[in-house]
Amino acid sequence: METNNHTEKNTDMKDNILTKITDKEVSMRPKMYFTTKFVVLCSLVVFILLLSIFVVSIIFFSLRVSGHALLFGFGFQGVILFLKLFPWIPLAVDIVAIFLLAKLLRKFTFVYRRPLLPLLVLVFVLCVGTGLLIDRATDLNDTLLDNANHNKLPKPFSSVYEGANRLSRPRSWVCRCQVVSIGTDTMIVVDTKLGFENTFTVFLPDDLPVGSVIPFSVGDLLYIAGPPHDGVIHPIGIRALEPDGQMMFAPQ
Amino acid sequence: MNVEKDHRPDEDIVKSIQSGVAADFGVIVDRYEEKLKRYGRKFLKDKEDLKDMVQDIFIRAYQNIQSYDPGLRFSPWLYRIAHNIFIDKIKKESRSPLSFVDFDVLLSHPVYDDRDKSEAEMAEMRQMIEHSLDAIEPKYREVIVLYYLEEIPYKEIADILSIPVGTVGIRLKRGRDALKKVMDKNKYGNE
């Protein structure tokens with residue numbers, strides 16, 4: 001009896017499905033649909049990978065042109081300041097992109113058969129390595145920034161590069177200043193962006209050996225970190241920048 | 001065509017469907033309807049609409065049949081569709097959605113396949129499944145159903161669930177342990 005019921009149910013479902021197929025209520029998707037889907041998936045993977053590499057290279061570029069990478073040489077306070085000034089939003093965007101990329105890659109058989117963590121690490125290393133290489137080994141970012149400054153770069157890229165190059169305001173504890181005069185233990189500097197309205201007297205760092213010659217000259221561009229108070233800065237660190245405003249990697 | 005006496009392998013039948021012989025899809029329905037119902041009955045806590053869900057599985061399979069590569073085994077492909085439909089159902093009904101990151105797939109696990117289990121062990125396992133399967137997590141429940149009831153090998157389960165083979169092994173082990181715990185709890189609770 002039960003077997004009969006089974007067969008009846010079975011026939012019900014089979015007939016129902018075959019009727020839907022015959023009546024064209026249900027139809028096969030053509031091969032082209034799946035080929036297109038595969039191509040779109042591959043393109044999306046490549047796009048997200050490139051986007052992720054681009055974002056990483058922008059992070060490195062922003063740290064380089066703003067000079068914030070120098071904060072690592074300014075002791076514990078410098079590291080704290082670096083963490084405060086780090087472009088966390090692009091990093092968050094990149095982490096989301098990497099997760100999305102890993103999720104998309106897992107649609108491919110050769111990927112899901114392997115554990116996820118090594119894949120995430122591999123994608124992360126690939127993005128960070130390539131992003132760093134693009135920023136440090138090529139002048140792509142500098143050229144694009146130059147184009148953005150001359151209105152030759154379309155939005156949103158121009159906004160990204162202008163944002164990366166934006167100078168920190170003096171109240172944020174860092175400034176990129178030009179030396180206008182030098183005293184025995186102080187310097188007068190002017191914020192290069194805000195001009196003479198933001199002139200600071202900078203006391204030389206305590207770690208400078210007593211009696212040593214101030215290692216800067218009038219006209220030098222400096223990256224100064226320290227709390228500004230009534231036009232006076234007691235810096236936690238100072239580093240010279242190259243004349244074009246880029247940071248020098250060698251300590252002064 | 002009398003589908004009851006069709007002895008062709010699934011893969012040949014699907015090739016024929018792909019080339020336009022839609023009636024052959026009836027053979028596939030005949031072969032897999034009960035299996036998929038059993039899979040759903042054991043995997044899902046809520047068995048309502050199971051018949052409709054199994055019909056959806058076949059309809060989705062037919063719609064996507066051109067994406068199937070006849071060079072590969074057909075059953076994991078079909079079970080993969082079933083898995084997706086059942087998971088959607090669990091997600092819809094669960095108040096606590098399935099976690100975004102599955103820690104089981106993060107790291108590699110050694111693959112230990114206990115293919116040489118004794119008949120007594122299998123019988124014990126079937127008894128545990130019969131009594132306590134509903135009490136364990138869906139991700140463990142599913143591998144246990146696929147391995148012990150559907151007798152699908154590790155590699156194919158890995159393809160159905162899109163997870164590494166090692167993860168199948170670790171889920172089976174954890175699922176068995178969870179089943180044993182539930183059985184022990186019930187046993188001592190009744191004493």
# chains A, B, ... in the order shown; residues from 1 in each chain; ligands from 1
>>> interface_residues(of="chain B", to="chain A", cutoff="10 Å", atoms="only C-alpha atoms", output="number ranges by chain")
B: 17-18, 20, 22-34, 51-52, 54-56, 58-68, 101-109, 155, 158-159, 161-167
>>> residues_around(residues="segment 135-147 of chain A", least_positions_apart="2", cutoff="9 Å", atoms="only C-alpha atoms", output="PyMOL selection string")
chain A and resi 57-58+60-61+64+130-133+149-153+157-158+161-162+164-165
>>> write_last_selection(atoms="N, CA and C atoms", output="mmCIF file, in the first residue's frame")
data_model
loop_
_atom_site.group_PDB
_atom_site.id
_atom_site.type_symbol
_atom_site.label_atom_id
_atom_site.label_comp_id
_atom_site.auth_asym_id
_atom_site.auth_seq_id
_atom_site.Cartn_x
_atom_site.Cartn_y
_atom_site.Cartn_z
ATOM 1 N N SER A 57 48.005 50.894 -2.415
ATOM 2 C CA SER A 57 49.047 51.807 -2.918
ATOM 3 C C SER A 57 48.733 53.248 -2.510
ATOM 4 N N ILE A 58 47.423 53.595 -2.452
ATOM 5 C CA ILE A 58 47.025 54.939 -2.011
ATOM 6 C C ILE A 58 47.359 55.136 -0.529
ATOM 7 N N PHE A 60 49.828 53.691 1.156
ATOM 8 C CA PHE A 60 51.285 53.911 1.249
ATOM 9 C C PHE A 60 51.656 55.299 0.728
ATOM 10 N N PHE A 61 51.001 55.697 -0.357
ATOM 11 C CA PHE A 61 51.279 56.997 -0.956
ATOM 12 C C PHE A 61 50.919 58.120 0.023
ATOM 13 N N ARG A 64 53.348 58.409 2.676
ATOM 14 C CA ARG A 64 54.620 58.949 2.169
ATOM 15 C C ARG A 64 54.518 60.456 1.954
ATOM 16 N N THR A 130 52.060 44.249 -3.831
ATOM 17 C CA THR A 130 51.947 44.937 -5.116
ATOM 18 C C THR A 130 51.692 46.433 -4.912
ATOM 19 N N GLY A 131 50.832 46.750 -3.923
ATOM 20 C CA GLY A 131 50.529 48.160 -3.632
ATOM 21 C C GLY A 131 51.782 48.913 -3.216
ATOM 22 N N LEU A 132 52.585 48.277 -2.355
ATOM 23 C CA LEU A 132 53.832 48.898 -1.883
ATOM 24 C C LEU A 132 54.809 49.070 -3.055
ATOM 25 N N LEU A 133 54.883 48.034 -3.864
ATOM 26 C CA LEU A 133 55.793 48.071 -5.020
ATOM 27 C C LEU A 133 55.409 49.203 -5.981
ATOM 28 N N ASN A 149 46.555 67.646 -9.566
ATOM 29 C CA ASN A 149 46.814 69.064 -9.244
ATOM 30 C C ASN A 149 46.604 69.970 -10.454
ATOM 31 N N HIS A 150 46.801 69.401 -11.648
ATOM 32 C CA HIS A 150 46.621 70.203 -12.870
ATOM 33 C C HIS A 150 45.268 69.929 -13.536
ATOM 34 N N ASN A 151 44.346 69.399 -12.741
ATOM 35 C CA ASN A 151 42.978 69.098 -13.223
ATOM 36 C C ASN A 151 42.969 68.210 -14.465
ATOM 37 N N LYS A 152 43.944 67.330 -14.543
ATOM 38 C CA LYS A 152 43.989 66.431 -15.710
ATOM 39 C C LYS A 152 43.471 65.036 -15.376
ATOM 40 N N LEU A 153 43.087 64.851 -14.101
ATOM 41 C CA LEU A 153 42.634 63.523 -13.686
ATOM 42 C C LEU A 153 41.131 63.579 -13.395
ATOM 43 N N PHE A 157 39.109 59.855 -9.091
ATOM 44 C CA PHE A 157 40.550 59.656 -8.845
ATOM 45 C C PHE A 157 41.218 60.941 -8.350
ATOM 46 N N SER A 158 40.803 62.092 -8.954
ATOM 47 C CA SER A 158 41.432 63.350 -8.547
ATOM 48 C C SER A 158 41.161 63.601 -7.064
ATOM 49 N N TYR A 161 43.446 61.407 -4.875
ATOM 50 C CA TYR A 161 44.834 61.871 -4.794
ATOM 51 C C TYR A 161 44.945 63.190 -4.035
ATOM 52 N N GLU A 162 43.970 64.081 -4.221
ATOM 53 C CA GLU A 162 44.004 65.339 -3.462
ATOM 54 C C GLU A 162 43.854 65.041 -1.973
ATOM 55 N N ALA A 164 44.705 62.282 -0.440
ATOM 56 C CA ALA A 164 45.929 61.644 0.054
ATOM 57 C C ALA A 164 47.012 62.672 0.337
ATOM 58 N N ASN A 165 47.000 63.762 -0.427
ATOM 59 C CA ASN A 165 48.046 64.773 -0.297
ATOM 60 C C ASN A 165 47.676 65.874 0.692
#
>>> residues_around(residues="segment 81-93 of chain A", least_positions_apart="6", cutoff="10 Å", atoms="only C-alpha atoms", output="PyMOL selection string")
chain A and resi 51-52+55-56+58-60+62-63+66+68-72+74-75+164+168+172-174+225-226
>>> closest_residue(among="A:Val125, A:Val190, A:Ile224, A:Ile80", to="Ile98 of chain A", atoms="only C-alpha atoms")
A:Val125
>>> residues_around(residues="Ala82 of chain B", least_positions_apart="5", cutoff="9 Å", atoms="only C-alpha atoms", output="ChimeraX atom specification")
/B:36,39-40,53-54,56-58,77,87,160
>>> atom_distance(atom1="atom CA of Asn198 of chain A", atom2="atom CA of Gly73 of chain A")
25.3 Å
>>> atom_distance(atom1="atom CA of Glu121 of chain B", atom2="atom CA of Leu78 of chain B")
29.1 Å
>>> residues_around(residues="Lys89 of chain B", least_positions_apart="3", cutoff="12 Å", atoms="only C-alpha atoms", output="list in words")
Gly40, Phe43, Leu44, Lys45, Asp46, Lys47, Glu48, Asp49, Leu50, Asp52, Met53, Val54, Asp56, Ala82, His83, Asn84, Ile85, Phe86, Lys92, Glu93, Ser94, Arg95, Pro97, Leu98 and Pro138 of chain B
>>> write_last_selection(atoms="N, CA, C and O atoms", output="compact mmCIF listing (two decimals), in the first residue's frame")
# COMPACT_ATOMS: atom_id res chain seq x y z
N GLY B 40 16.47 15.83 2.79
CA GLY B 40 15.77 16.98 3.37
C GLY B 40 15.12 16.64 4.71
O GLY B 40 15.20 17.43 5.65
N PHE B 43 17.93 16.47 7.23
CA PHE B 43 18.72 17.70 7.40
C PHE B 43 17.88 18.82 8.00
O PHE B 43 18.35 19.57 8.86
N LEU B 44 16.63 18.95 7.56
CA LEU B 44 15.78 20.05 8.03
C LEU B 44 15.01 19.63 9.27
O LEU B 44 14.53 18.50 9.36
N LYS B 45 14.90 20.58 10.19
CA LYS B 45 14.10 20.29 11.39
C LYS B 45 12.62 20.41 11.02
O LYS B 45 11.79 19.62 11.44
N ASP B 46 12.33 21.44 10.24
CA ASP B 46 10.96 21.69 9.85
C ASP B 46 10.71 21.01 8.51
O ASP B 46 11.29 21.39 7.49
N LYS B 47 9.90 19.96 8.54
CA LYS B 47 9.73 19.16 7.31
C LYS B 47 8.58 19.65 6.42
O LYS B 47 8.29 19.05 5.39
N GLU B 48 7.96 20.73 6.83
CA GLU B 48 6.86 21.27 6.04
C GLU B 48 7.38 21.70 4.67
O GLU B 48 8.53 22.12 4.56
N ASP B 49 6.58 21.64 3.66
CA ASP B 49 6.95 22.07 2.30
C ASP B 49 8.09 21.26 1.70
O ASP B 49 8.68 21.70 0.72
N LEU B 50 8.45 20.15 2.29
CA LEU B 50 9.58 19.39 1.76
C LEU B 50 9.34 18.96 0.30
O LEU B 50 10.24 19.06 -0.54
N ASP B 52 7.51 20.43 -1.93
CA ASP B 52 7.67 21.60 -2.81
C ASP B 52 9.15 21.94 -2.99
O ASP B 52 9.59 22.32 -4.08
N MET B 53 9.89 21.79 -1.89
CA MET B 53 11.32 22.11 -1.99
C MET B 53 12.04 21.15 -2.93
O MET B 53 12.88 21.56 -3.72
N VAL B 54 11.68 19.87 -2.83
CA VAL B 54 12.33 18.88 -3.71
C VAL B 54 11.95 19.18 -5.17
O VAL B 54 12.79 19.10 -6.07
N ASP B 56 11.32 22.13 -6.32
CA ASP B 56 12.15 23.30 -6.67
C ASP B 56 13.57 22.89 -7.05
O ASP B 56 14.18 23.47 -7.94
N ALA B 82 20.46 21.01 -4.03
CA ALA B 82 19.60 20.68 -2.88
C ALA B 82 20.14 21.36 -1.62
O ALA B 82 19.37 21.97 -0.87
N HIS B 83 21.45 21.28 -1.44
CA HIS B 83 22.08 21.91 -0.26
C HIS B 83 21.75 23.40 -0.22
O HIS B 83 21.36 23.94 0.81
N ASN B 84 21.90 24.08 -1.37
CA ASN B 84 21.64 25.53 -1.42
C ASN B 84 20.19 25.84 -1.06
O ASN B 84 19.92 26.79 -0.32
N ILE B 85 19.27 25.05 -1.59
CA ILE B 85 17.85 25.31 -1.31
C ILE B 85 17.53 25.04 0.17
O ILE B 85 16.85 25.83 0.82
N PHE B 86 18.09 23.97 0.71
CA PHE B 86 17.83 23.67 2.13
C PHE B 86 18.47 24.72 3.05
O PHE B 86 17.89 25.10 4.05
N LYS B 92 16.23 31.32 6.34
CA LYS B 92 14.97 32.06 6.44
C LYS B 92 14.30 31.83 7.78
O LYS B 92 13.72 32.74 8.35
N GLU B 93 14.38 30.60 8.27
CA GLU B 93 13.63 30.26 9.47
C GLU B 93 14.41 30.44 10.76
O GLU B 93 13.82 30.48 11.83
N SER B 94 15.73 30.56 10.61
CA SER B 94 16.55 30.66 11.81
C SER B 94 16.55 32.08 12.32
O SER B 94 16.70 33.03 11.57
N ARG B 95 16.36 32.23 13.65
CA ARG B 95 16.44 33.57 14.24
C ARG B 95 17.88 34.03 14.31
O ARG B 95 18.18 35.20 14.20
N PRO B 97 21.03 33.83 12.27
CA PRO B 97 21.50 33.40 10.97
C PRO B 97 22.83 32.66 11.05
O PRO B 97 23.59 32.85 11.99
N LEU B 98 23.09 31.83 10.04
CA LEU B 98 24.35 31.09 10.01
C LEU B 98 25.50 32.09 9.99
O LEU B 98 25.42 33.13 9.37
N PRO B 138 23.06 22.20 12.36
CA PRO B 138 22.81 21.82 10.96
C PRO B 138 24.07 21.44 10.18
O PRO B 138 24.05 20.50 9.39
>>> select_by_dssp(residues="segment 28-174 of chain B", states="helix (DSSP H, G or I)", output="ChimeraX atom specification")
/B:28-43,50-63,65-67,74-93,103-105,119-135,138-149,154-161,165-174
>>> select_by_dssp(residues="segment 9-250 of chain A", states="strand (DSSP E)", output="compact mmCIF listing (two decimals) with all heavy atoms, in the first residue's frame")
# COMPACT_ATOMS: atom_id res chain seq x y z
N VAL A 174 50.72 67.69 13.82
CA VAL A 174 51.79 67.58 12.83
C VAL A 174 51.68 68.73 11.84
O VAL A 174 50.58 69.18 11.54
CB VAL A 174 51.75 66.24 12.04
CG1 VAL A 174 52.10 65.07 12.91
CG2 VAL A 174 50.44 66.04 11.35
N CYS A 175 52.82 69.21 11.39
CA CYS A 175 52.75 70.21 10.31
C CYS A 175 53.94 70.02 9.38
O CYS A 175 54.98 69.47 9.77
CB CYS A 175 52.69 71.62 10.86
SG CYS A 175 54.26 72.29 11.36
N ARG A 176 53.72 70.44 8.15
CA ARG A 176 54.82 70.45 7.19
C ARG A 176 55.14 71.92 7.02
O ARG A 176 54.36 72.69 6.47
CB ARG A 176 54.39 69.81 5.89
CG ARG A 176 54.06 68.35 6.13
CD ARG A 176 54.03 67.50 4.94
NE ARG A 176 53.52 68.11 3.74
CZ ARG A 176 53.54 67.49 2.57
NH1 ARG A 176 54.04 66.29 2.48
NH2 ARG A 176 53.06 68.07 1.51
N CYS A 177 56.28 72.29 7.55
CA CYS A 177 56.60 73.71 7.65
C CYS A 177 57.92 74.03 6.95
O CYS A 177 58.76 73.16 6.75
CB CYS A 177 56.73 74.12 9.11
SG CYS A 177 55.21 73.88 10.03
N GLN A 178 58.07 75.33 6.64
CA GLN A 178 59.32 75.80 6.04
C GLN A 178 60.04 76.67 7.07
O GLN A 178 59.41 77.50 7.73
CB GLN A 178 59.02 76.60 4.78
CG GLN A 178 60.26 76.90 3.99
CD GLN A 178 59.92 77.30 2.57
OE1 GLN A 178 58.85 77.88 2.33
NE2 GLN A 178 60.80 77.03 1.64
N VAL A 179 61.35 76.47 7.17
CA VAL A 179 62.14 77.25 8.13
C VAL A 179 62.32 78.66 7.60
O VAL A 179 62.76 78.85 6.46
CB VAL A 179 63.52 76.59 8.35
CG1 VAL A 179 64.34 77.37 9.37
CG2 VAL A 179 63.36 75.14 8.78
N VAL A 180 61.95 79.67 8.44
CA VAL A 180 62.17 81.06 7.99
C VAL A 180 63.32 81.72 8.75
O VAL A 180 63.95 82.65 8.26
CB VAL A 180 60.88 81.92 8.06
CG1 VAL A 180 59.88 81.50 7.03
CG2 VAL A 180 60.26 81.91 9.44
N SER A 181 63.57 81.27 9.98
CA SER A 181 64.76 81.77 10.67
C SER A 181 65.20 80.76 11.73
O SER A 181 64.40 79.95 12.20
CB SER A 181 64.49 83.14 11.32
OG SER A 181 63.66 82.99 12.43
N ILE A 182 66.46 80.82 12.09
CA ILE A 182 67.00 79.86 13.06
C ILE A 182 67.72 80.62 14.18
O ILE A 182 68.54 81.51 13.92
CB ILE A 182 67.99 78.89 12.37
CG1 ILE A 182 67.25 78.06 11.33
CG2 ILE A 182 68.67 77.98 13.38
CD1 ILE A 182 68.11 77.09 10.56
N THR A 186 65.97 77.58 18.99
CA THR A 186 64.63 77.61 18.39
C THR A 186 64.70 77.90 16.89
O THR A 186 65.73 78.37 16.39
CB THR A 186 63.73 78.70 19.03
OG1 THR A 186 64.37 79.95 18.84
CG2 THR A 186 63.44 78.42 20.47
N MET A 187 63.57 77.62 16.23
CA MET A 187 63.44 77.97 14.81
C MET A 187 62.08 78.61 14.64
O MET A 187 61.14 78.29 15.36
CB MET A 187 63.43 76.72 13.92
CG MET A 187 64.69 75.94 13.87
SD MET A 187 64.49 74.55 12.72
CE MET A 187 63.28 73.55 13.53
N ILE A 188 61.99 79.50 13.67
CA ILE A 188 60.68 80.02 13.29
C ILE A 188 60.31 79.31 11.98
O ILE A 188 61.11 79.31 11.03
CB ILE A 188 60.69 81.55 13.06
CG1 ILE A 188 61.30 82.28 14.28
CG2 ILE A 188 59.30 82.07 12.75
CD1 ILE A 188 60.47 82.20 15.54
N VAL A 189 59.15 78.72 12.01
CA VAL A 189 58.71 78.00 10.80
C VAL A 189 57.32 78.48 10.39
O VAL A 189 56.56 78.98 11.22
CB VAL A 189 58.69 76.47 11.01
CG1 VAL A 189 60.07 75.92 11.32
CG2 VAL A 189 57.69 76.08 12.09
N VAL A 190 57.03 78.30 9.11
CA VAL A 190 55.72 78.69 8.59
C VAL A 190 55.08 77.46 7.97
O VAL A 190 55.72 76.72 7.22
CB VAL A 190 55.89 79.78 7.51
CG1 VAL A 190 54.55 80.11 6.86
CG2 VAL A 190 56.50 81.02 8.10
N ASP A 191 53.80 77.28 8.31
CA ASP A 191 53.08 76.16 7.70
C ASP A 191 52.98 76.40 6.20
O ASP A 191 52.51 77.46 5.77
CB ASP A 191 51.69 76.06 8.33
CG ASP A 191 50.96 74.82 7.86
OD1 ASP A 191 50.55 74.79 6.69
OD2 ASP A 191 50.83 73.88 8.66
N GLY A 195 50.39 79.44 5.34
CA GLY A 195 51.11 80.69 5.18
C GLY A 195 51.41 81.39 6.50
O GLY A 195 51.41 80.77 7.56
N PHE A 196 51.65 82.73 6.43
CA PHE A 196 52.19 83.46 7.59
C PHE A 196 51.21 83.57 8.76
O PHE A 196 51.60 83.93 9.85
CB PHE A 196 52.67 84.85 7.15
CG PHE A 196 54.02 84.76 6.51
CD1 PHE A 196 54.14 84.71 5.13
CD2 PHE A 196 55.16 84.67 7.30
CE1 PHE A 196 55.39 84.59 4.55
CE2 PHE A 196 56.42 84.55 6.70
CZ PHE A 196 56.54 84.51 5.32
N GLU A 197 49.96 83.26 8.53
CA GLU A 197 49.01 83.27 9.66
C GLU A 197 49.33 82.13 10.62
O GLU A 197 48.86 82.12 11.74
CB GLU A 197 47.58 83.10 9.15
CG GLU A 197 47.04 84.38 8.55
CD GLU A 197 45.69 84.17 7.90
OE1 GLU A 197 45.04 83.16 8.22
OE2 GLU A 197 45.32 85.00 7.08
N ASN A 198 50.10 81.18 10.15
CA ASN A 198 50.45 80.06 11.00
C ASN A 198 51.96 79.92 11.12
O ASN A 198 52.58 79.06 10.52
CB ASN A 198 49.83 78.76 10.48
CG ASN A 198 48.38 78.67 10.88
OD1 ASN A 198 48.06 78.21 11.96
ND2 ASN A 198 47.51 79.17 10.02
N THR A 199 52.50 80.82 11.86
CA THR A 199 53.94 80.81 12.10
C THR A 199 54.16 80.24 13.50
O THR A 199 53.45 80.58 14.43
CB THR A 199 54.49 82.26 12.03
OG1 THR A 199 54.12 82.78 10.76
CG2 THR A 199 55.98 82.30 12.20
N PHE A 200 55.14 79.38 13.61
CA PHE A 200 55.39 78.73 14.90
C PHE A 200 56.84 78.92 15.32
O PHE A 200 57.74 78.96 14.48
CB PHE A 200 55.12 77.23 14.82
CG PHE A 200 53.71 76.89 14.46
CD1 PHE A 200 53.38 76.57 13.15
CD2 PHE A 200 52.72 76.91 15.42
CE1 PHE A 200 52.10 76.26 12.81
CE2 PHE A 200 51.42 76.60 15.10
CZ PHE A 200 51.09 76.27 13.78
N THR A 201 56.99 79.01 16.62
CA THR A 201 58.34 78.94 17.18
C THR A 201 58.52 77.49 17.62
O THR A 201 57.73 76.96 18.40
CB THR A 201 58.46 79.86 18.41
OG1 THR A 201 58.12 81.17 18.00
CG2 THR A 201 59.87 79.83 18.98
N VAL A 202 59.56 76.89 17.07
CA VAL A 202 59.77 75.47 17.36
C VAL A 202 61.02 75.31 18.22
O VAL A 202 62.10 75.76 17.85
CB VAL A 202 59.94 74.67 16.05
CG1 VAL A 202 60.16 73.19 16.35
CG2 VAL A 202 58.73 74.85 15.15
N PHE A 203 60.83 74.71 19.40
CA PHE A 203 61.98 74.39 20.23
C PHE A 203 62.61 73.11 19.70
O PHE A 203 61.89 72.21 19.27
CB PHE A 203 61.55 74.23 21.70
CG PHE A 203 61.36 75.55 22.39
CD1 PHE A 203 60.19 76.29 22.21
CD2 PHE A 203 62.38 76.08 23.17
CE1 PHE A 203 60.03 77.52 22.82
CE2 PHE A 203 62.22 77.32 23.78
CZ PHE A 203 61.04 78.04 23.61
N LEU A 221 62.30 72.38 4.17
CA LEU A 221 60.95 71.90 4.48
C LEU A 221 61.07 70.84 5.56
O LEU A 221 61.91 69.94 5.45
CB LEU A 221 60.32 71.27 3.24
CG LEU A 221 59.58 72.18 2.29
CD1 LEU A 221 59.13 71.40 1.06
CD2 LEU A 221 58.36 72.81 2.97
N LEU A 222 60.25 70.99 6.61
CA LEU A 222 60.36 70.05 7.73
C LEU A 222 59.01 69.41 8.03
O LEU A 222 57.96 70.01 7.80
CB LEU A 222 60.83 70.78 9.00
CG LEU A 222 62.14 71.54 8.93
CD1 LEU A 222 62.41 72.22 10.28
CD2 LEU A 222 63.30 70.61 8.59
N TYR A 223 59.10 68.21 8.55
CA TYR A 223 57.92 67.54 9.09
C TYR A 223 58.07 67.59 10.60
O TYR A 223 59.02 67.05 11.15
CB TYR A 223 57.86 66.09 8.60
CG TYR A 223 56.66 65.32 9.12
CD1 TYR A 223 55.45 65.39 8.46
CD2 TYR A 223 56.76 64.52 10.25
CE1 TYR A 223 54.35 64.69 8.93
CE2 TYR A 223 55.67 63.82 10.72
CZ TYR A 223 54.46 63.90 10.05
OH TYR A 223 53.37 63.21 10.52
N ILE A 224 57.15 68.31 11.25
CA ILE A 224 57.28 68.51 12.70
C ILE A 224 56.06 67.92 13.39
O ILE A 224 54.92 68.19 13.01
CB ILE A 224 57.36 70.03 13.02
CG1 ILE A 224 58.55 70.64 12.27
CG2 ILE A 224 57.48 70.26 14.52
CD1 ILE A 224 58.60 72.15 12.34
N ALA A 225 56.33 67.12 14.42
CA ALA A 225 55.22 66.55 15.19
C ALA A 225 55.36 67.02 16.63
O ALA A 225 56.44 66.94 17.22
CB ALA A 225 55.25 65.03 15.13
N PRO A 228 50.97 72.03 19.33
CA PRO A 228 51.13 73.47 19.18
C PRO A 228 50.38 74.19 20.32
O PRO A 228 49.25 73.82 20.65
CB PRO A 228 50.47 73.76 17.83
CG PRO A 228 49.51 72.66 17.61
CD PRO A 228 49.93 71.49 18.44
N HIS A 229 51.04 75.17 20.95
CA HIS A 229 50.38 75.90 22.04
C HIS A 229 50.78 77.37 21.96
O HIS A 229 51.94 77.70 22.13
CB HIS A 229 50.79 75.27 23.38
CG HIS A 229 50.03 75.84 24.54
ND1 HIS A 229 48.69 75.57 24.75
CD2 HIS A 229 50.40 76.69 25.54
CE1 HIS A 229 48.28 76.24 25.82
NE2 HIS A 229 49.31 76.92 26.32
N VAL A 232 53.66 78.06 19.77
CA VAL A 232 54.94 77.42 20.13
C VAL A 232 54.76 75.90 20.03
O VAL A 232 53.74 75.36 20.44
CB VAL A 232 55.35 77.79 21.59
CG1 VAL A 232 56.61 77.05 22.00
CG2 VAL A 232 55.56 79.29 21.70
N ILE A 233 55.77 75.25 19.46
CA ILE A 233 55.72 73.78 19.38
C ILE A 233 56.93 73.20 20.10
O ILE A 233 58.08 73.60 19.83
CB ILE A 233 55.73 73.30 17.91
CG1 ILE A 233 54.50 73.82 17.15
CG2 ILE A 233 55.76 71.77 17.84
CD1 ILE A 233 54.48 73.46 15.66
N GLY A 237 59.37 65.21 17.54
CA GLY A 237 60.31 64.81 16.50
C GLY A 237 60.24 65.75 15.30
O GLY A 237 59.20 66.35 15.04
N ILE A 238 61.40 65.89 14.64
CA ILE A 238 61.46 66.71 13.42
C ILE A 238 62.24 65.94 12.38
O ILE A 238 63.28 65.33 12.70
CB ILE A 238 62.21 68.06 13.67
CG1 ILE A 238 61.55 68.84 14.80
CG2 ILE A 238 62.26 68.88 12.39
CD1 ILE A 238 62.29 70.13 15.14
N ARG A 239 61.77 65.96 11.17
CA ARG A 239 62.53 65.35 10.07
C ARG A 239 62.47 66.29 8.88
O ARG A 239 61.46 66.96 8.65
CB ARG A 239 61.95 64.00 9.65
CG ARG A 239 62.14 62.89 10.66
CD ARG A 239 63.59 62.39 10.74
NE ARG A 239 63.73 61.29 11.67
CZ ARG A 239 63.92 61.43 12.97
NH1 ARG A 239 64.01 62.64 13.51
NH2 ARG A 239 64.04 60.36 13.74
N ALA A 240 63.57 66.32 8.14
CA ALA A 240 63.60 67.17 6.94
C ALA A 240 62.89 66.45 5.79
O ALA A 240 62.94 65.23 5.68
CB ALA A 240 65.04 67.44 6.55
N LEU A 241 62.21 67.24 4.97
CA LEU A 241 61.58 66.70 3.77
C LEU A 241 62.39 67.12 2.56
O LEU A 241 63.13 68.11 2.62
CB LEU A 241 60.14 67.23 3.65
CG LEU A 241 59.17 66.87 4.76
CD1 LEU A 241 57.88 67.67 4.64
CD2 LEU A 241 58.85 65.38 4.73
>>> residues_around(residues="Pro9 of chain B", least_positions_apart="3", cutoff="10 Å", atoms="only C-alpha atoms", output="VMD selection string")
chain B and resid 6 12 to 14 73 to 74
>>> atom_distance(atom1="atom CA of Val96 of chain A", atom2="atom CA of Lys155 of chain A")
22.5 Å
